[in-house]
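Colleague: Following this line is model-v1.cif, made up of mmCIF, N, CA and C atoms:
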data_start
loop_
_atom_site.label_atom_id
_atom_site.label_comp_id
_atom_site.auth_asym_id
_atom_site.auth_seq_id
_atom_site.Cartn_x
_atom_site.Cartn_y
_atom_site.Cartn_z
N MET A 1 4.20 7.01 -11.10
CA MET A 1 4.06 8.12 -10.19
C MET A 1 5.29 8.16 -9.29
N ARG A 2 5.88 9.33 -9.15
CA ARG A 2 7.05 9.50 -8.30
C ARG A 2 6.65 9.42 -6.83
N LEU A 3 7.60 8.99 -6.01
CA LEU A 3 7.34 8.83 -4.58
C LEU A 3 6.86 10.14 -3.95
N SER A 4 7.51 11.25 -4.30
CA SER A 4 7.11 12.53 -3.71
C SER A 4 5.69 12.90 -4.11
N GLU A 5 5.31 12.60 -5.34
CA GLU A 5 3.94 12.88 -5.80
C GLU A 5 2.93 12.00 -5.06
N ALA A 6 3.29 10.74 -4.84
CA ALA A 6 2.40 9.82 -4.14
C ALA A 6 2.17 10.26 -2.70
N ILE A 7 3.25 10.65 -2.02
CA ILE A 7 3.12 11.10 -0.63
C ILE A 7 2.31 12.39 -0.57
N LYS A 8 2.55 13.29 -1.51
CA LYS A 8 1.79 14.54 -1.56
C LYS A 8 0.30 14.25 -1.76
N ARG A 9 -0.01 13.33 -2.68
CA ARG A 9 -1.41 12.97 -2.94
C ARG A 9 -2.06 12.39 -1.69
N LEU A 10 -1.36 11.51 -0.99
CA LEU A 10 -1.90 10.94 0.25
C LEU A 10 -2.14 12.02 1.30
N ALA A 11 -1.20 12.95 1.43
CA ALA A 11 -1.34 14.02 2.43
C ALA A 11 -2.51 14.93 2.10
N VAL A 12 -2.65 15.32 0.84
CA VAL A 12 -3.75 16.19 0.42
C VAL A 12 -5.08 15.49 0.65
N ASN A 13 -5.16 14.22 0.30
CA ASN A 13 -6.40 13.47 0.51
C ASN A 13 -6.74 13.36 1.99
N ALA A 14 -5.73 13.21 2.84
CA ALA A 14 -5.97 13.12 4.29
C ALA A 14 -6.52 14.42 4.83
N VAL A 15 -5.96 15.54 4.38
CA VAL A 15 -6.44 16.85 4.84
C VAL A 15 -7.86 17.09 4.33
N ASP A 16 -8.10 16.76 3.06
CA ASP A 16 -9.44 16.95 2.50
C ASP A 16 -10.48 16.11 3.23
N ALA A 17 -10.12 14.92 3.62
CA ALA A 17 -11.05 14.04 4.31
C ALA A 17 -11.14 14.35 5.80
N ALA A 18 -10.23 15.18 6.28
CA ALA A 18 -10.16 15.52 7.71
C ALA A 18 -10.07 14.27 8.56
N SER A 19 -9.41 13.26 8.01
CA SER A 19 -9.23 11.99 8.72
C SER A 19 -7.76 11.60 8.69
N PRO A 20 -7.33 10.91 9.70
CA PRO A 20 -5.92 10.51 9.73
C PRO A 20 -5.62 9.34 8.79
N ILE A 21 -4.35 9.15 8.60
CA ILE A 21 -3.87 7.99 7.85
C ILE A 21 -3.52 6.92 8.88
N ASP A 22 -3.94 5.71 8.64
CA ASP A 22 -3.63 4.60 9.55
C ASP A 22 -2.38 3.88 9.07
N LEU A 23 -1.53 3.50 9.98
CA LEU A 23 -0.35 2.70 9.69
C LEU A 23 -0.67 1.27 10.10
N VAL A 24 -0.71 0.36 9.13
CA VAL A 24 -1.12 -1.02 9.41
C VAL A 24 -0.15 -2.02 8.77
N VAL A 25 -0.16 -3.21 9.32
CA VAL A 25 0.64 -4.31 8.77
C VAL A 25 -0.26 -5.10 7.82
N GLY A 26 0.33 -5.55 6.73
CA GLY A 26 -0.42 -6.34 5.76
C GLY A 26 0.43 -7.47 5.21
N GLU A 27 -0.15 -8.18 4.25
CA GLU A 27 0.54 -9.30 3.61
C GLU A 27 0.27 -9.26 2.11
N VAL A 28 1.29 -9.53 1.32
CA VAL A 28 1.14 -9.61 -0.13
C VAL A 28 0.45 -10.93 -0.45
N THR A 29 -0.70 -10.87 -1.14
CA THR A 29 -1.44 -12.09 -1.48
C THR A 29 -1.19 -12.54 -2.91
N ALA A 30 -0.75 -11.62 -3.77
CA ALA A 30 -0.43 -11.94 -5.17
C ALA A 30 0.51 -10.87 -5.70
N VAL A 31 1.29 -11.23 -6.75
CA VAL A 31 2.23 -10.25 -7.29
C VAL A 31 1.96 -9.88 -8.74
N SER A 32 1.12 -10.59 -9.44
CA SER A 32 0.85 -10.25 -10.84
C SER A 32 -0.62 -10.46 -11.15
N PRO A 33 -1.45 -9.46 -10.95
CA PRO A 33 -1.19 -8.13 -10.42
C PRO A 33 -1.04 -8.16 -8.90
N VAL A 34 -0.43 -7.11 -8.36
CA VAL A 34 -0.20 -7.02 -6.92
C VAL A 34 -1.53 -6.86 -6.19
N SER A 35 -1.70 -7.62 -5.12
CA SER A 35 -2.84 -7.42 -4.22
C SER A 35 -2.35 -7.73 -2.81
N ILE A 36 -3.00 -7.08 -1.85
CA ILE A 36 -2.60 -7.24 -0.45
C ILE A 36 -3.82 -7.46 0.43
N ARG A 37 -3.56 -7.96 1.63
CA ARG A 37 -4.59 -8.11 2.65
C ARG A 37 -4.05 -7.45 3.91
N LEU A 38 -4.85 -6.60 4.53
CA LEU A 38 -4.44 -5.95 5.77
C LEU A 38 -4.72 -6.88 6.93
N ASN A 39 -3.83 -6.90 7.91
CA ASN A 39 -3.97 -7.83 9.04
C ASN A 39 -5.21 -7.57 9.88
N ASP A 40 -5.75 -6.34 9.84
CA ASP A 40 -6.95 -6.07 10.64
C ASP A 40 -8.24 -6.45 9.93
N ASN A 41 -8.16 -6.93 8.68
CA ASN A 41 -9.34 -7.38 7.93
C ASN A 41 -8.92 -8.45 6.93
N HIS A 42 -8.89 -9.70 7.38
CA HIS A 42 -8.39 -10.79 6.54
C HIS A 42 -9.28 -11.11 5.35
N LYS A 43 -10.52 -10.67 5.35
CA LYS A 43 -11.43 -10.99 4.25
C LYS A 43 -11.28 -10.05 3.06
N LEU A 44 -10.80 -8.83 3.31
CA LEU A 44 -10.71 -7.82 2.26
C LEU A 44 -9.38 -7.91 1.53
N ILE A 45 -9.43 -8.15 0.22
CA ILE A 45 -8.24 -8.15 -0.63
C ILE A 45 -8.22 -6.81 -1.37
N ILE A 46 -7.10 -6.08 -1.25
CA ILE A 46 -6.98 -4.77 -1.88
C ILE A 46 -6.26 -4.93 -3.21
N PRO A 47 -6.90 -4.52 -4.32
CA PRO A 47 -6.32 -4.71 -5.65
C PRO A 47 -5.26 -3.67 -5.99
N GLU A 48 -4.47 -3.98 -7.00
CA GLU A 48 -3.38 -3.12 -7.46
C GLU A 48 -3.84 -1.70 -7.79
N GLU A 49 -5.06 -1.54 -8.28
CA GLU A 49 -5.57 -0.22 -8.68
C GLU A 49 -5.61 0.76 -7.52
N LEU A 50 -5.68 0.27 -6.29
CA LEU A 50 -5.75 1.13 -5.11
C LEU A 50 -4.41 1.25 -4.39
N LEU A 51 -3.37 0.63 -4.94
CA LEU A 51 -2.07 0.57 -4.28
C LEU A 51 -1.03 1.48 -4.93
N ILE A 52 -0.15 2.00 -4.09
CA ILE A 52 1.01 2.76 -4.53
C ILE A 52 2.19 2.16 -3.76
N TRP A 53 3.32 1.97 -4.45
CA TRP A 53 4.50 1.44 -3.77
C TRP A 53 5.76 1.99 -4.43
N PRO A 54 6.88 1.97 -3.69
CA PRO A 54 8.13 2.49 -4.23
C PRO A 54 8.67 1.58 -5.34
N LYS A 55 9.38 2.18 -6.27
CA LYS A 55 9.93 1.46 -7.42
C LYS A 55 10.81 0.29 -6.99
N ARG A 56 11.51 0.43 -5.88
CA ARG A 56 12.42 -0.62 -5.44
C ARG A 56 11.70 -1.92 -5.09
N LEU A 57 10.37 -1.88 -4.95
CA LEU A 57 9.59 -3.08 -4.67
C LEU A 57 8.96 -3.68 -5.92
N ASN A 58 9.24 -3.08 -7.09
CA ASN A 58 8.70 -3.58 -8.36
C ASN A 58 9.29 -4.94 -8.72
N LYS A 59 8.57 -5.68 -9.54
CA LYS A 59 9.06 -6.96 -10.05
C LYS A 59 10.35 -6.73 -10.81
N GLY A 60 11.33 -7.58 -10.57
CA GLY A 60 12.62 -7.46 -11.25
C GLY A 60 13.65 -6.66 -10.47
N GLU A 61 13.20 -5.93 -9.45
CA GLU A 61 14.13 -5.18 -8.61
C GLU A 61 14.68 -6.11 -7.52
N GLU A 62 15.78 -5.70 -6.91
CA GLU A 62 16.44 -6.53 -5.90
C GLU A 62 15.52 -6.84 -4.71
N ASP A 63 14.67 -5.90 -4.33
CA ASP A 63 13.80 -6.06 -3.16
C ASP A 63 12.34 -6.22 -3.57
N GLU A 64 12.09 -6.91 -4.69
CA GLU A 64 10.73 -7.04 -5.23
C GLU A 64 9.77 -7.69 -4.23
N LEU A 65 8.49 -7.32 -4.36
CA LEU A 65 7.44 -7.93 -3.54
C LEU A 65 7.25 -9.38 -3.95
N LYS A 66 7.03 -10.23 -2.94
CA LYS A 66 6.76 -11.64 -3.18
C LYS A 66 5.53 -12.04 -2.38
N ARG A 67 4.81 -13.02 -2.90
CA ARG A 67 3.63 -13.52 -2.20
C ARG A 67 4.03 -13.98 -0.80
N GLY A 68 3.27 -13.54 0.20
CA GLY A 68 3.54 -13.91 1.58
C GLY A 68 4.37 -12.90 2.34
N ASP A 69 4.95 -11.91 1.64
CA ASP A 69 5.74 -10.88 2.32
C ASP A 69 4.87 -10.09 3.30
N SER A 70 5.40 -9.83 4.48
CA SER A 70 4.75 -8.91 5.42
C SER A 70 5.17 -7.50 5.04
N ILE A 71 4.22 -6.58 5.05
CA ILE A 71 4.48 -5.21 4.61
C ILE A 71 3.87 -4.21 5.58
N MET A 72 4.42 -2.99 5.58
CA MET A 72 3.88 -1.88 6.35
C MET A 72 3.14 -0.99 5.35
N VAL A 73 1.90 -0.63 5.67
CA VAL A 73 1.04 0.09 4.74
C VAL A 73 0.44 1.34 5.40
N LEU A 74 0.45 2.45 4.67
CA LEU A 74 -0.31 3.64 5.07
C LEU A 74 -1.67 3.52 4.41
N ALA A 75 -2.73 3.51 5.21
CA ALA A 75 -4.08 3.35 4.68
C ALA A 75 -4.86 4.64 4.92
N MET A 76 -5.35 5.23 3.83
CA MET A 76 -6.18 6.43 3.93
C MET A 76 -7.54 6.05 4.49
N ALA A 77 -8.07 6.87 5.38
CA ALA A 77 -9.42 6.66 5.86
C ALA A 77 -10.36 6.72 4.67
N GLY A 78 -11.28 5.80 4.59
CA GLY A 78 -12.18 5.72 3.46
C GLY A 78 -11.80 4.59 2.51
N GLY A 79 -10.58 4.09 2.63
CA GLY A 79 -10.17 2.92 1.87
C GLY A 79 -9.98 3.10 0.39
N GLN A 80 -9.60 4.29 -0.06
CA GLN A 80 -9.42 4.51 -1.50
C GLN A 80 -7.97 4.52 -1.95
N SER A 81 -7.03 4.68 -1.02
CA SER A 81 -5.61 4.70 -1.35
C SER A 81 -4.82 3.99 -0.26
N PHE A 82 -3.86 3.21 -0.71
CA PHE A 82 -2.99 2.48 0.21
C PHE A 82 -1.57 2.59 -0.31
N TYR A 83 -0.63 3.00 0.56
CA TYR A 83 0.76 3.14 0.16
C TYR A 83 1.60 2.11 0.91
N ILE A 84 2.23 1.22 0.15
CA ILE A 84 3.12 0.22 0.75
C ILE A 84 4.44 0.92 1.04
N ILE A 85 4.77 1.06 2.32
CA ILE A 85 5.99 1.75 2.71
C ILE A 85 7.21 0.85 2.50
N ASP A 86 7.13 -0.37 3.04
CA ASP A 86 8.29 -1.25 2.97
C ASP A 86 7.90 -2.65 3.41
N LYS A 87 8.81 -3.58 3.16
CA LYS A 87 8.65 -4.94 3.66
C LYS A 87 9.14 -4.98 5.10
N LEU A 88 8.56 -5.87 5.90
CA LEU A 88 8.99 -6.02 7.29
C LEU A 88 9.95 -7.18 7.43
#
Would you mind writing the structure in this file as structure tokens?

Modeller:
Amino acid sequence: MRLSEAIKRLAVNAVDAASPIDLVVGEVTAVSPVSIRLNDNHKLIIPEELLIWPKRLNKGEEDELKRGDSIMVLAMAGGQSFYIIDKL
């Protein structure tokens, strides 16, 4: 999925839900498959199926995600989509 399509999907879902998108800090808990934990809920592990991230963070890229990385995440209200913006 292209970045522009992912952002458009997040925006449309936010309008449809009439709820804002939360900007939260998280941590990468695994990379194959990718999973993250948001700092405001340490018990909940978010699986790769619910995540979207830029290609530059893919495995094999110069800035690939690694276990333990701190990340900035856009979280849709309702918890169905999460977009990893960047590493911190």

Colleague: For Glu27 in chain A, which residue out of A:Arg2, A:Arg56, A:Lys8, A:His42 is the nearest one, using only C-alpha atoms?

Modeller: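 Looking only at the distances to Glu27 in chain A, the closest residue turns out to be A:His42.
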
Colleague: Translate the PyMOL selection byres (((chain A and resi 45 and name CA) around 12) and name CA) into a concrete residue list for this structure, as a list of chain:residue names.

Modeller: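 This file gives the following for the PyMOL selection byres (((chain A and resi 45 and name CA) around 12) and name CA): A:Gly26, A:Glu27, A:Val28, A:Thr29, A:Ala30, A:Val34, A:Ser35, A:Ile36, A:Arg37, A:Leu38, A:Asn39, A:Asp40, A:Asn41, A:His42, A:Lys43, A:Leu44, A:Ile46, A:Pro47, A:Glu48, A:Glu49, A:Leu50, A:Leu51, A:Gly79, A:Phe82.
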
Colleague: Evaluating the PyMOL selection byres (((chain A and resi 67-72 and name CA) around 8) and name CA) on the displayed file yields which residues, as an MDAnalysis selection string?

Modeller: chainID A and resid 23:31 65:66 73:74 84:88

Colleague: So how many Å separate CA of Glu5 in chain A and CA of Gly78 in chain A, to one decimal?

Modeller: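 Between CA of Glu5 in chain A and CA of Gly78 in chain A the gap is 19.9 Å.
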
Colleague: Report, in Å to a single decimal, how far apart CA of Pro33 in chain A and CA of Ser81 in chain A are.

Modeller: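 Interatomic distance here is 16.3 Å.
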
Colleague: What's the separation between atom C of Pro54 in chain A and atom C of Ala6 in chain A, in Å to one decimal place?

Modeller: 11.2 Å

Colleague: For the structure I just gave you, how does DSSP split chain A - specifically, which residues are alpha helix (DSSP H)? Reply as a list in words.

Modeller: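 In chain A, DSSP puts these residues in alpha helix (DSSP H): Leu3, Ser4, Glu5, Ala6, Ile7, Lys8, Arg9, Leu10, Ala11, Val12, Asn13, Ala14, Val15, Asp16 and Ala17 of chain A.
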
Colleague: Taking only C-alpha atoms into account, name the residue in A:Trp53, A:Glu62, A:Asp22, A:Ser32 that is nearest to Ser4 in chain A.

Modeller: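 Nearest candidate to Ser4 in chain A out of A:Trp53, A:Glu62, A:Asp22, A:Ser32: A:Trp53.
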